[in-house]
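Q: Below you'll find upload-v7.cif; it's mmCIF, C-alpha atoms (C1' of nucleotides).
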data_query
#
loop_
_atom_site.label_atom_id
_atom_site.label_comp_id
_atom_site.auth_asym_id
_atom_site.auth_seq_id
_atom_site.Cartn_x
_atom_site.Cartn_y
_atom_site.Cartn_z
CA MET O 1449 12.22 17.59 -4.76
CA PRO O 1450 11.77 13.97 -5.76
CA VAL O 1451 12.60 11.71 -2.85
CA GLY O 1452 15.52 9.34 -3.25
CA THR O 1453 15.94 8.03 0.27
CA LEU O 1454 18.48 5.33 -0.53
CA ALA O 1455 20.48 7.24 -3.12
CA THR O 1456 17.99 6.45 -5.82
CA VAL O 1457 14.67 7.90 -6.78
CA LYS O 1458 12.98 4.54 -6.88
CA THR O 1459 12.80 3.01 -10.37
CA LEU O 1460 14.40 5.96 -12.22
CA SER O 1461 17.86 6.62 -13.58
CA PRO O 1462 19.53 10.02 -13.27
CA ALA O 1463 19.05 10.48 -17.02
CA GLU O 1464 15.33 10.02 -16.63
CA LEU O 1465 15.28 12.45 -13.72
CA ARG O 1466 17.00 15.02 -15.87
CA ASP O 1467 14.48 14.40 -18.63
CA ILE O 1468 11.65 15.35 -16.34
CA GLN O 1469 13.52 18.47 -15.23
CA ALA O 1470 14.34 17.43 -11.68
CA GLN O 1471 16.58 20.15 -10.27
CA ILE O 1472 17.32 18.62 -6.90
CA ILE O 1473 16.61 15.35 -5.15
CA LEU O 1474 16.56 14.09 -1.60
CA GLY O 1475 18.60 11.49 0.25
CA ASN O 1476 18.30 10.23 3.81
CA THR O 1477 20.95 10.25 6.49
CA TYR O 1478 19.59 7.46 8.64
CA HIS O 1479 19.04 5.04 5.79
CA LEU O 1480 22.33 5.72 4.03
CA TYR O 1481 24.26 5.55 7.29
CA LEU O 1482 22.93 2.03 7.81
CA ARG O 1483 23.42 0.97 4.22
CA PRO O 1484 25.83 1.28 2.56
CA GLY O 1485 27.42 3.41 5.29
CA HIS O 1486 28.37 7.08 5.02
CA GLU O 1487 32.11 6.42 4.90
CA LEU O 1488 31.64 4.22 1.87
CA VAL O 1489 29.61 6.97 0.22
CA ARG O 1490 32.38 9.44 1.05
CA ARG O 1491 34.93 7.19 -0.61
CA ALA O 1492 32.64 6.90 -3.63
CA GLY O 1493 32.83 10.64 -4.09
CA GLY O 1494 29.84 11.54 -1.96
CA LEU O 1495 26.28 10.98 -3.01
CA HIS O 1496 26.82 12.85 -6.25
CA GLY O 1497 29.62 10.56 -7.33
CA PHE O 1498 28.11 7.43 -5.90
CA MET O 1499 24.78 7.73 -7.68
CA SER O 1500 26.03 9.74 -10.62
CA TRP O 1501 23.81 12.74 -10.08
CA ASP O 1502 25.49 16.05 -10.75
CA ARG O 1503 22.66 18.33 -9.77
CA PRO O 1504 21.89 19.43 -6.21
CA ILE O 1505 21.03 16.99 -3.44
CA LEU O 1506 19.45 17.59 -0.07
CA THR O 1507 19.82 15.14 2.77
CA ASP O 1508 17.32 14.76 5.54
CA SER O 1509 18.83 14.31 8.96
CA GLY O 1510 17.05 11.21 10.18
CA GLY O 1511 14.86 13.27 12.47
CA PHE O 1512 11.77 11.95 10.78
CA GLN O 1513 12.93 8.39 11.33
CA VAL O 1514 13.20 9.19 15.03
CA MET O 1515 9.44 9.42 14.85
CA SER O 1516 8.49 6.89 12.22
CA LEU O 1517 10.67 4.20 13.77
CA SER O 1518 9.51 5.16 17.23
CA GLY O 1519 9.29 1.57 18.41
CA LEU O 1520 13.02 1.23 17.91
CA ARG O 1521 14.53 4.24 19.63
CA LYS O 1522 15.05 6.08 22.88
CA ILE O 1523 15.43 9.84 22.97
CA THR O 1524 17.77 11.52 25.45
CA PRO O 1525 18.86 15.15 25.65
CA ASP O 1526 22.19 14.21 24.12
CA GLY O 1527 20.81 12.24 21.17
CA VAL O 1528 18.82 9.25 20.09
CA ARG O 1529 19.58 5.60 20.61
CA PHE O 1530 18.27 3.76 17.58
CA GLN O 1531 17.80 0.13 16.90
CA SER O 1532 18.32 -0.61 13.24
CA HIS O 1533 15.11 -1.64 11.49
CA ILE O 1534 17.25 -3.95 9.38
CA ASP O 1535 19.16 -6.09 11.85
CA GLY O 1536 18.27 -4.74 15.27
CA SER O 1537 21.78 -3.41 15.94
CA TYR O 1538 22.08 -0.36 18.21
CA HIS O 1539 23.26 3.05 17.01
CA PHE O 1540 23.52 6.40 18.75
CA PHE O 1541 22.78 9.58 16.83
CA THR O 1542 23.87 12.92 18.23
CA PRO O 1543 23.64 16.23 16.36
CA GLU O 1544 27.41 16.07 15.85
CA LYS O 1545 27.21 12.54 14.53
CA VAL O 1546 24.45 13.45 12.11
CA ILE O 1547 26.45 16.38 10.77
CA GLU O 1548 29.47 14.12 10.36
CA ILE O 1549 27.34 11.70 8.35
CA GLU O 1550 25.80 14.44 6.25
CA ASN O 1551 29.25 15.89 5.60
CA ALA O 1552 30.34 12.49 4.37
CA LEU O 1553 27.29 12.13 2.16
CA GLY O 1554 28.17 15.51 0.74
CA ALA O 1555 24.75 16.87 -0.17
CA ASP O 1556 24.41 20.54 -1.09
CA ILE O 1557 21.74 21.22 1.48
CA ILE O 1558 21.66 19.35 4.77
CA MET O 1559 19.19 19.26 7.61
CA ALA O 1560 19.81 19.78 11.29
CA PHE O 1561 19.00 16.81 13.47
CA ASP O 1562 15.56 17.38 14.95
CA GLU O 1563 12.96 15.52 16.88
CA CYS O 1564 9.71 15.35 15.01
CA PRO O 1565 6.85 14.97 17.50
CA PRO O 1566 4.16 12.52 16.51
CA TYR O 1567 0.54 13.57 16.22
CA PRO O 1568 -1.30 13.81 18.46
CA ALA O 1569 1.16 14.96 21.12
CA THR O 1570 0.50 16.92 24.27
CA ARG O 1571 1.66 20.47 24.56
CA ALA O 1572 4.07 19.42 27.30
CA TYR O 1573 5.60 16.79 25.04
CA VAL O 1574 5.92 19.15 22.09
CA GLU O 1575 7.36 21.92 24.25
CA ASN O 1576 9.98 19.61 25.66
CA SER O 1577 10.70 18.17 22.25
CA LEU O 1578 11.09 21.65 20.83
CA LYS O 1579 13.62 22.51 23.48
CA THR O 1580 15.66 19.48 22.45
CA THR O 1581 15.35 20.32 18.77
CA LEU O 1582 16.56 23.89 19.36
CA GLU O 1583 19.56 22.71 21.35
CA TRP O 1584 20.37 20.18 18.68
CA ALA O 1585 20.04 22.85 15.99
CA LYS O 1586 22.68 24.92 17.76
CA ARG O 1587 24.95 21.92 18.14
CA CYS O 1588 24.49 21.06 14.49
CA ARG O 1589 25.39 24.58 13.46
CA ASP O 1590 28.47 24.55 15.67
CA ALA O 1591 29.57 21.16 14.40
CA HIS O 1592 29.00 22.22 10.82
CA ARG O 1593 30.93 25.52 10.79
CA GLU O 1594 34.11 24.28 9.19
CA THR O 1595 32.37 22.65 6.22
CA ASP O 1596 30.10 25.41 5.09
CA ARG O 1597 30.18 24.47 1.42
CA GLN O 1598 26.99 22.71 2.45
CA ALA O 1599 23.97 24.81 3.42
CA LEU O 1600 22.58 23.72 6.78
CA PHE O 1601 18.89 24.36 7.37
CA GLY O 1602 17.33 24.59 10.81
CA ILE O 1603 13.98 22.90 11.31
CA VAL O 1604 10.97 24.64 12.82
CA GLN O 1605 8.97 22.36 15.09
CA GLY O 1606 6.23 23.02 17.64
CA GLY O 1607 3.44 20.72 16.55
CA VAL O 1608 0.09 22.42 16.12
CA TYR O 1609 0.79 24.96 18.90
CA ASP O 1610 1.09 28.40 17.35
CA ASP O 1611 3.15 29.99 20.10
CA LEU O 1612 5.61 27.10 20.06
CA ARG O 1613 5.96 27.41 16.31
CA VAL O 1614 6.65 31.12 16.66
CA ARG O 1615 9.19 30.51 19.40
CA SER O 1616 10.83 27.79 17.34
CA ALA O 1617 11.17 30.03 14.30
CA GLU O 1618 12.47 32.99 16.27
CA GLU O 1619 15.06 30.96 18.14
CA LEU O 1620 16.29 29.36 14.93
CA MET O 1621 16.52 32.74 13.23
CA LYS O 1622 18.89 33.89 15.96
CA MET O 1623 21.19 31.09 14.83
CA ASP O 1624 21.07 32.55 11.32
CA PHE O 1625 20.64 29.53 9.11
CA PRO O 1626 20.78 29.95 5.32
CA GLY O 1627 17.35 28.34 5.05
CA TYR O 1628 14.52 27.17 7.26
CA SER O 1629 12.63 23.95 7.17
CA ILE O 1630 9.16 23.43 8.57
CA GLY O 1631 8.88 19.97 10.02
CA GLY O 1632 6.33 17.98 11.92
CA LEU O 1633 3.41 18.69 9.61
CA ALA O 1634 1.31 16.29 7.55
CA VAL O 1635 1.78 13.72 10.27
CA GLY O 1636 -1.92 13.19 10.88
CA GLU O 1637 -3.10 16.60 12.08
CA ASP O 1638 -6.03 18.36 10.52
CA LYS O 1639 -5.20 20.10 7.27
CA LYS O 1640 -6.50 23.34 8.70
CA ASP O 1641 -3.75 23.15 11.30
CA MET O 1642 -1.10 22.67 8.66
CA PHE O 1643 -2.23 25.64 6.61
CA ARG O 1644 -2.66 27.81 9.67
CA ILE O 1645 0.90 27.13 10.71
CA THR O 1646 2.52 27.76 7.35
CA ASP O 1647 0.48 30.94 7.12
CA LEU O 1648 1.66 31.93 10.58
CA LEU O 1649 5.29 31.26 9.73
CA ASN O 1650 4.99 33.12 6.46
CA ASP O 1651 5.10 36.40 8.35
CA ILE O 1652 7.93 35.37 10.63
CA LEU O 1653 10.56 33.56 8.58
CA PRO O 1654 12.94 35.77 6.61
CA LYS O 1655 11.73 36.48 3.10
CA ASN O 1656 15.17 36.33 1.55
CA LYS O 1657 15.85 32.76 2.59
CA PRO O 1658 14.23 29.54 1.41
CA ARG O 1659 11.46 27.94 3.44
CA TYR O 1660 11.17 24.23 3.04
CA LEU O 1661 8.04 22.38 4.11
CA MET O 1662 9.19 18.86 4.79
CA GLY O 1663 7.28 15.86 3.55
CA VAL O 1664 4.39 17.66 1.90
CA GLY O 1665 2.32 16.74 0.01
CA THR O 1666 -0.62 16.39 -2.31
CA PRO O 1667 -0.79 18.72 -5.32
CA LEU O 1668 -3.37 20.86 -3.56
CA ASP O 1669 -1.25 20.96 -0.41
CA LEU O 1670 1.55 22.36 -2.54
CA LEU O 1671 -0.60 25.06 -4.06
CA LYS O 1672 -1.99 26.14 -0.71
CA ASN O 1673 1.36 26.13 1.01
CA ILE O 1674 3.01 28.01 -1.82
CA ARG O 1675 0.37 30.65 -1.26
CA ASN O 1676 1.56 30.62 2.35
CA GLY O 1677 5.09 31.39 1.31
CA VAL O 1678 6.70 27.98 1.13
CA ASP O 1679 9.50 27.64 -1.44
CA MET O 1680 10.54 24.01 -1.27
CA PHE O 1681 8.84 20.66 -0.82
CA ASP O 1682 9.64 17.02 -0.89
CA CYS O 1683 7.20 14.17 -0.77
CA VAL O 1684 7.15 10.46 -1.43
CA MET O 1685 3.62 10.71 -2.70
CA PRO O 1686 4.24 11.07 -6.44
CA THR O 1687 6.74 8.22 -6.49
CA ARG O 1688 5.17 5.87 -3.96
CA ASN O 1689 1.66 6.25 -5.29
CA ALA O 1690 2.91 5.84 -8.83
CA ARG O 1691 4.48 2.51 -7.94
CA LYS O 1692 1.08 1.43 -6.72
CA GLY O 1693 -0.75 2.47 -9.85
CA SER O 1694 -2.15 5.78 -8.66
CA LEU O 1695 -1.19 8.80 -10.74
CA PHE O 1696 -1.54 12.55 -10.39
CA THR O 1697 -2.72 14.83 -13.18
CA TRP O 1698 -3.99 18.37 -13.63
CA LYS O 1699 -7.48 16.91 -13.73
CA GLY O 1700 -7.10 14.94 -10.51
CA LYS O 1701 -5.94 11.57 -9.35
CA LEU O 1702 -6.14 8.68 -11.78
CA ILE O 1703 -5.89 5.13 -10.50
CA VAL O 1704 -4.56 3.65 -13.68
CA LYS O 1705 -4.53 0.09 -12.38
CA ALA O 1706 -8.33 0.18 -12.10
CA ALA O 1707 -10.37 -2.17 -14.25
CA ARG O 1708 -12.20 0.77 -15.82
CA TYR O 1709 -9.06 1.53 -17.85
CA LYS O 1710 -8.67 -1.96 -19.24
CA GLU O 1711 -9.58 -0.86 -22.75
CA ASP O 1712 -8.89 2.83 -22.50
CA PHE O 1713 -6.31 3.46 -25.20
CA SER O 1714 -5.92 7.15 -24.46
CA PRO O 1715 -2.90 8.45 -22.55
CA VAL O 1716 -2.97 9.00 -18.80
CA ASP O 1717 -3.37 12.70 -19.55
CA PRO O 1718 -3.81 13.74 -23.20
CA ASP O 1719 -2.42 17.18 -22.38
CA CYS O 1720 0.71 15.86 -20.69
CA ASP O 1721 3.95 15.76 -22.65
CA CYS O 1722 5.87 13.38 -20.43
CA TYR O 1723 7.51 10.33 -21.96
CA THR O 1724 4.78 8.08 -20.60
CA CYS O 1725 1.86 10.09 -21.92
CA ARG O 1726 3.53 10.66 -25.28
CA ASN O 1727 3.99 6.95 -25.88
CA PHE O 1728 1.68 4.75 -23.84
CA SER O 1729 -2.00 4.27 -23.09
CA ARG O 1730 -3.88 3.85 -19.85
CA ALA O 1731 -4.74 0.34 -21.02
CA TYR O 1732 -1.05 -0.49 -21.40
CA LEU O 1733 -0.17 0.87 -17.97
CA ARG O 1734 -3.15 -0.91 -16.46
CA HIS O 1735 -1.90 -4.11 -18.09
CA LEU O 1736 1.63 -3.64 -16.75
CA PHE O 1737 0.29 -3.20 -13.23
CA SER O 1738 -2.06 -6.08 -13.65
CA VAL O 1739 0.75 -8.47 -14.57
CA ASP O 1740 3.13 -6.88 -12.09
CA GLU O 1741 5.69 -5.72 -14.62
CA LEU O 1742 8.40 -3.30 -13.50
CA LEU O 1743 7.94 -0.97 -16.43
CA GLY O 1744 4.52 -0.03 -15.09
CA MET O 1745 6.06 1.41 -11.96
CA ARG O 1746 8.69 3.22 -13.98
CA LEU O 1747 6.32 4.79 -16.48
CA ALA O 1748 3.94 5.78 -13.70
CA THR O 1749 6.76 7.34 -11.68
CA ILE O 1750 7.96 9.26 -14.72
CA HIS O 1751 4.49 10.65 -15.26
CA SER O 1752 3.76 11.68 -11.69
CA LEU O 1753 7.13 13.27 -11.07
CA HIS O 1754 6.86 15.09 -14.36
CA PHE O 1755 3.47 16.33 -13.29
CA TYR O 1756 4.67 17.51 -9.88
CA LEU O 1757 7.60 19.37 -11.40
CA GLU O 1758 5.40 20.87 -14.06
CA LEU O 1759 2.94 21.91 -11.37
CA VAL O 1760 5.51 23.78 -9.32
CA GLY O 1761 7.04 25.18 -12.49
CA ALA O 1762 3.66 26.62 -13.36
CA CYS O 1763 3.42 28.04 -9.86
CA ARG O 1764 6.78 29.77 -10.26
CA LYS O 1765 5.67 31.25 -13.55
CA ALA O 1766 2.39 32.47 -12.10
CA ILE O 1767 4.20 34.08 -9.18
CA ILE O 1768 6.66 35.82 -11.47
CA GLU O 1769 3.78 37.06 -13.58
CA ASP O 1770 2.01 38.15 -10.43
CA ARG O 1771 -1.12 36.13 -11.05
CA TYR O 1772 -0.83 33.37 -8.50
CA GLU O 1773 -4.34 33.70 -7.08
CA GLU O 1774 -5.84 33.44 -10.52
CA PHE O 1775 -3.70 30.41 -11.24
CA PHE O 1776 -4.68 28.88 -7.92
CA ASN O 1777 -8.38 29.34 -8.51
CA GLU O 1778 -8.08 27.89 -11.96
CA HIS O 1779 -6.59 24.58 -10.79
CA ALA O 1780 -7.24 24.00 -7.10
CA GLU O 1781 -10.60 22.34 -7.49
CA ASN O 1782 -9.52 19.79 -10.07
CA LEU O 1783 -6.32 18.68 -8.38
CA ASP O 1784 -8.06 17.02 -5.49
CA ARG O 1785 -10.62 14.97 -7.26
CA LEU O 1786 -10.56 11.32 -8.22
CA ILE O 1787 -10.91 10.75 -11.92
CA ASP O 1788 -13.27 7.79 -12.09
CA ASN O 1789 -14.00 7.51 -15.75
CA ASP O 1790 -12.61 10.02 -18.16
CA THR O 1791 -11.62 8.57 -21.48
CA GLY O 1792 -9.72 11.66 -22.39
"C1'" G B 859 -8.86 -56.43 -16.20
"C1'" G B 860 -6.82 -55.71 -10.80
"C1'" A B 861 -5.65 -52.26 -6.56
"C1'" G B 862 -6.18 -47.50 -4.69
"C1'" A B 863 -7.21 -42.05 -4.41
"C1'" G B 864 -10.54 -38.35 -5.41
"C1'" G B 865 -14.63 -34.95 -7.27
"C1'" U B 866 -15.99 -28.40 -2.24
"C1'" U B 867 -18.00 -21.53 -3.72
"C1'" C B 868 -13.41 -18.17 -10.35
"C1'" C B 869 -8.61 -21.35 -9.23
"C1'" C B 870 -5.81 -24.19 -5.50
"C1'" G B 871 -7.30 -26.22 -1.07
"C1'" A B 872 -9.30 -27.26 4.32
"C1'" G B 873 -13.69 -29.23 6.39
"C1'" C B 874 -15.74 -35.24 7.23
"C1'" G B 875 -23.28 -35.01 11.46
"C1'" G B 876 -25.27 -29.19 14.03
"C1'" C B 877 -20.99 -23.59 16.06
"C1'" C B 878 -20.76 -24.04 7.54
"C1'" A B 879 -22.43 -19.51 2.80
"C1'" A B 880 -18.23 -23.23 4.22
"C1'" A B 881 -10.74 -22.13 7.02
"C1'" G B 882 -6.43 -20.58 4.35
"C1'" G B 883 -4.00 -19.02 -0.09
"C1'" G B 884 -4.38 -17.13 -5.07
"C1'" A B 885 -7.01 -14.43 -8.65
"C1'" A B 886 -10.47 -10.50 -9.20
"C1'" C B 887 -12.57 -5.81 -7.60
"C1'" A B 888 -12.40 -1.10 -4.76
"C1'" G B 889 -9.44 2.07 -2.01
"C1'" A B 890 -5.52 4.17 1.20
"C1'" C B 891 -0.74 6.11 0.92
"C1'" U B 892 2.25 13.34 2.74
"C1'" G B 893 10.93 14.77 5.59
"C1'" U B 894 9.91 6.08 1.94
"C1'" A B 895 11.03 -0.25 7.58
"C1'" A B 896 6.14 0.52 1.56
"C1'" A B 897 6.37 -3.48 -5.70
"C1'" U B 898 3.08 -2.14 1.14
"C1'" C B 899 -1.50 -2.07 3.68
"C1'" U B 900 -7.00 -2.18 4.12
"C1'" G B 901 -11.81 -3.68 2.57
"C1'" U B 902 -15.12 -6.69 -0.68
"C1'" C B 903 -15.41 -11.29 -2.84
"C1'" G B 904 -22.94 -17.20 -3.78
"C1'" U B 905 -27.81 -14.44 -4.74
"C1'" C B 906 -31.54 -11.13 -3.10
"C1'" A B 907 -36.80 -6.89 -1.93
"C1'" A B 908 -30.08 -7.98 2.46
"C1'" A B 909 -29.69 -7.17 11.17
"C1'" G B 910 -33.52 -11.78 7.30
"C1'" A B 911 -34.35 -15.11 3.37
"C1'" C B 912 -32.98 -18.19 -0.60
"C1'" U B 913 -29.66 -21.43 -3.57
"C1'" U B 914 -24.65 -24.01 -3.16
"C1'" C B 915 -19.96 -28.61 -1.67
"C1'" G B 916 -20.12 -34.23 -9.20
"C1'" G B 917 -25.67 -36.38 -10.09
"C1'" A B 918 -30.07 -38.91 -8.19
"C1'" G B 919 -32.23 -41.08 -4.10
"C1'" G B 920 -32.08 -42.32 1.19
"C1'" U B 921 -30.95 -42.15 6.79
"C1'" U B 922 -31.54 -38.10 10.48
"C1'" C B 923 -34.89 -33.15 14.26
"C1'" G B 924 -30.51 -31.63 11.24
"C1'" A B 925 -25.95 -33.74 5.83
"C1'" A B 926 -20.45 -30.73 2.24
"C1'" U B 927 -19.91 -34.42 6.12
"C1'" C B 928 -23.38 -41.12 6.93
"C1'" C B 929 -25.75 -45.00 3.30
"C1'" U B 930 -27.17 -46.72 -1.94
"C1'" C B 931 -26.80 -46.35 -7.09
"C1'" C B 932 -24.89 -43.57 -11.16
"C1'" C B 933 -21.34 -40.17 -13.80
"C1'" C B 934 -16.37 -38.38 -14.12
"C1'" U B 935 -11.05 -37.75 -13.03
"C1'" C B 936 -6.20 -39.40 -11.37
"C1'" U B 937 -2.22 -43.01 -9.57
"C1'" C B 938 -0.13 -47.81 -9.46
"C1'" C B 939 -0.17 -53.00 -11.21
"C1'" A B 940 -1.32 -56.08 -15.43
#
Let me see the file written as structure tokens.
A:
Amino acid sequence: MPVGTLATVKTLSPAELRDIQAQIILGNTYHLYLRPGHELVRRAGGLHGFMSWDRPILTDSGGFQVMSLSGLRKITPDGVRFQSHIDGSYHFFTPEKVIEIENALGADIIMAFDECPPYPATRAYVENSLKTTLEWAKRCRDAHRETDRQALFGIVQGGVYDDLRVRSAEELMKMDFPGYSIGGLAVGEDKKDMFRITDLLNDILPKNKPRYLMGVGTPLDLLKNIRNGVDMFDCVMPTRNARKGSLFTWKGKLIVKAARYKEDFSPVDPDCDCYTCRNFSRAYLRHLFSVDELLGMRLATIHSLHFYLELVGACRKAIIEDRYEEFFNEHAENLDRLIDNDTG
RNA sequence: GGAGAGGUUCCCGAGCGGCCAAAGGGAACAGACUGUAAAUCUGUCGUCAAAGACUUCGGAGGUUCGAAUCCUCCCCUCUCCA
């Protein structure tokens, strides 16, 4: 899922998103509540109407912002008191409030309000935080009942503590959500911990419901976590890195703004059929970044999102054809490397 | 012709006897980025056989233990007045 925090996948139009086969995109409760305000979005016809995107949307609950804006909030059992990162104004988020906002935003899939523990965090902190998250999940589900045209996912927390993760998943499953998110990973912990936990949850979460690993990740992270049973991902990496001149390809990461591509007139990836690779050279992209032209960010974003969606599309195909391991072994090694001078 | 200001490391620009290979900014170069406070942040940025040495602050001389900083002459810019 391409990330479109503020009701826009940065730099792209909905038409361009459709061109690269985006099926669903993400929005963010906290950010859209602050600006332009969820009631305004409701009046605009929900996120779909407001941003003119007629395919599915998922909204995150703001739980992640509870962590990432940690200097600006205070957590209580009832909810979180936030200070706006924009103007310093105070706001109080409860599970009920978050559901109200997400109802107004009108996404197809919405997230329960959770508390995402930072890393590192003590076991005592994570255990306490998990307790809060589970209570909030229940309150979210209760508050959401009457508007069940939106699918509400519960979020598994528990940090890097296996037993807490298991407890989290089992308690959420009792609440019978239509899908389960895995949160609190890729926040600084060792990769081994991340993979161990998704592997652990693979045997616990129901097989007939989607599992969504929140905020992950690199192409290789996707491949490894798909092997561990994850069905859905979102990550800012393809879009954010693209805006900074760093692109993803099947052959690895390519920092197209680098001087080594100044006179490289080959496409970013000769085998890629995205709009960018079909029409423009590395040298041209490098030039656009070098002179700080907007089109550079757009073309780069188009390429990297296309690549990510192609990557997961290829994963789906391999799974259906029952040859995922083979597919994995074929590509895993390349995905992680830095292309330093490959003229195509 | 008269009066004045100034020439600093790729650029702009501070420094005005030692703590100066020389602030700061820009450019350049390399990289980071994982439920987006992100068109952001970090590092490098005179040379070398490199915890040391060497060469730099328009040029040439000089003063001094020591000069980008003081003195002399020269070269060159710019502003104002004729």
Q: If you count all atoms listed in the file, which residues fall within 12 Å of region 864-879 of chain B, apart from same-chain ones fewer than 2 positions away, as a count of residues only?
A: 29
Q: Tell me, counting only C-alpha atoms (C1' of nucleotides), for each residue of chain B within 7 Å of chain O, which pair of atoms is nearest and how far apart they are in Å to one decimal, in rows ordered by chain and increasing number, as JSON lines.
A:
{"residue": "B:C891", "atom": "C1'", "partner": "O:Asn1689", "partner_atom": "CA", "distance": 6.7}
{"residue": "B:U892", "atom": "C1'", "partner": "O:Gly1665", "partner_atom": "CA", "distance": 4.4}
{"residue": "B:G893", "atom": "C1'", "partner": "O:Gly1663", "partner_atom": "CA", "distance": 4.3}
{"residue": "B:U894", "atom": "C1'", "partner": "O:Val1684", "partner_atom": "CA", "distance": 6.2}
{"residue": "B:A895", "atom": "C1'", "partner": "O:His1533", "partner_atom": "CA", "distance": 5.8}
{"residue": "B:A897", "atom": "C1'", "partner": "O:Arg1691", "partner_atom": "CA", "distance": 6.7}
Q: Using C-alpha atoms (C1' of nucleotides), can you write the selected residues to a file as a short mmCIF file (atom, residue, chain, number, x, y, z; two decimals), in the coordinates of the input?
A:
data_model
loop_
_atom_site.label_atom_id
_atom_site.label_comp_id
_atom_site.auth_asym_id
_atom_site.auth_seq_id
_atom_site.Cartn_x
_atom_site.Cartn_y
_atom_site.Cartn_z
"C1'" C B 891 -0.74 6.11 0.92
"C1'" U B 892 2.25 13.34 2.74
"C1'" G B 893 10.93 14.77 5.59
"C1'" U B 894 9.91 6.08 1.94
"C1'" A B 895 11.03 -0.25 7.58
"C1'" A B 897 6.37 -3.48 -5.70
#
Q: Can you spell out as a CSV table (one decimal) with C-alpha atoms, keeping the file's coordinate frame the set of residues that the PyMOL selection byres ((chain O and resi 1605) around 10) selects in the structure I just provided?
A:
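The new file expr.csv reads:
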chain,number,residue,atom,x,y,z
O,1562,ASP,CA,15.6,17.4,15.0
O,1563,GLU,CA,13.0,15.5,16.9
O,1564,CYS,CA,9.7,15.4,15.0
O,1565,PRO,CA,6.8,15.0,17.5
O,1574,VAL,CA,5.9,19.2,22.1
O,1575,GLU,CA,7.4,21.9,24.2
O,1577,SER,CA,10.7,18.2,22.2
O,1578,LEU,CA,11.1,21.6,20.8
O,1579,LYS,CA,13.6,22.5,23.5
O,1581,THR,CA,15.4,20.3,18.8
O,1582,LEU,CA,16.6,23.9,19.4
O,1602,GLY,CA,17.3,24.6,10.8
O,1603,ILE,CA,14.0,22.9,11.3
O,1604,VAL,CA,11.0,24.6,12.8
O,1606,GLY,CA,6.2,23.0,17.6
O,1607,GLY,CA,3.4,20.7,16.6
O,1608,VAL,CA,0.1,22.4,16.1
O,1609,TYR,CA,0.8,25.0,18.9
O,1612,LEU,CA,5.6,27.1,20.1
O,1613,ARG,CA,6.0,27.4,16.3
O,1614,VAL,CA,6.6,31.1,16.7
O,1615,ARG,CA,9.2,30.5,19.4
O,1616,SER,CA,10.8,27.8,17.3
O,1617,ALA,CA,11.2,30.0,14.3
O,1629,SER,CA,12.6,24.0,7.2
O,1630,ILE,CA,9.2,23.4,8.6
O,1631,GLY,CA,8.9,20.0,10.0
O,1632,GLY,CA,6.3,18.0,11.9
O,1633,LEU,CA,3.4,18.7,9.6
Q: Please report the interatomic distance between CA of Leu1747 (chain O) and CA of Thr1724 (chain O) in Å with one decimal.
A: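 Between CA of Leu1747 (chain O) and CA of Thr1724 (chain O) the gap works out to 5.5 Å.
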Q: So the first atom is CA of Ala1690 (chain O) and the second is CA of Leu1553 (chain O); what is the distance between them in Å, to one decimal place?
A: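 Between these atoms lies a distance of 27.5 Å.
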Q: How many Å separate CA of Leu1600 (chain O) from CA of Arg1503 (chain O)?
A: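 Interatomic distance here is 17.4 Å.
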Q: Any chance you could work out the residue set of the PyMOL selection byres ((chain B and resi 920) around 9) here, as a PyMOL selection string?
A: chain B and resi 919+921+929-930
Q: Taking only C-alpha atoms (C1' of nucleotides) into account, name the residue in O:Tyr1567, O:Ser1752, O:Leu1783, O:Gly1693 that is nearest to G889 (chain B).
A: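 Using only C-alpha atoms (C1' of nucleotides), G889 (chain B) sits closest to O:Gly1693.
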Q: Compile the contact shell of Leu1786 (chain O) as a PDB file with C-alpha atoms, in the coordinates of the input: residues with an atom at most 10 Å away, counting all atoms listed in the file, same-chain residues fewer than 2 positions apart removed.
A:
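And here is the file that came out, around_32.pdb:
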ATOM      1  CA  PHE O1696      -1.540  12.550 -10.390  1.00  0.00           C
ATOM      2  CA  THR O1697      -2.720  14.830 -13.180  1.00  0.00           C
ATOM      3  CA  LYS O1699      -7.480  16.910 -13.730  1.00  0.00           C
ATOM      4  CA  GLY O1700      -7.100  14.940 -10.510  1.00  0.00           C
ATOM      5  CA  LYS O1701      -5.940  11.570  -9.350  1.00  0.00           C
ATOM      6  CA  LEU O1702      -6.140   8.680 -11.780  1.00  0.00           C
ATOM      7  CA  ILE O1703      -5.890   5.130 -10.500  1.00  0.00           C
ATOM      8  CA  ASN O1782      -9.520  19.790 -10.070  1.00  0.00           C
ATOM      9  CA  LEU O1783      -6.320  18.680  -8.380  1.00  0.00           C
ATOM     10  CA  ASP O1784      -8.060  17.020  -5.490  1.00  0.00           C
ATOM     11  CA  ASP O1788     -13.270   7.790 -12.090  1.00  0.00           C
ATOM     12  CA  ASN O1789     -14.000   7.510 -15.750  1.00  0.00           C
TER      13      ASN O1789
END
Q: So what does the PyMOL selection byres ((chain O and resi 1587-1590) around 10) actually pick up in this one, as a ChimeraX atom specification?
A: /O:1542-1548,1559-1562,1581-1586,1591-1594,1596,1600-1602,1623-1625
Q: Have a look at O:Glu1769, O:Asp1712, O:Asp1526, O:Glu1758 and name the one nearest to Phe1541 (chain O); count all atoms listed in the file.
A: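 Result for the nearest residue to Phe1541 (chain O): O:Asp1526.
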Q: Contacts of Ala1780 (chain O) at 9 Å or less, counting only C-alpha atoms (C1' of nucleotides), minus same-chain residues fewer than 6 places along, as a PyMOL selection string?
A: chain O and resi 1667-1668+1671-1672
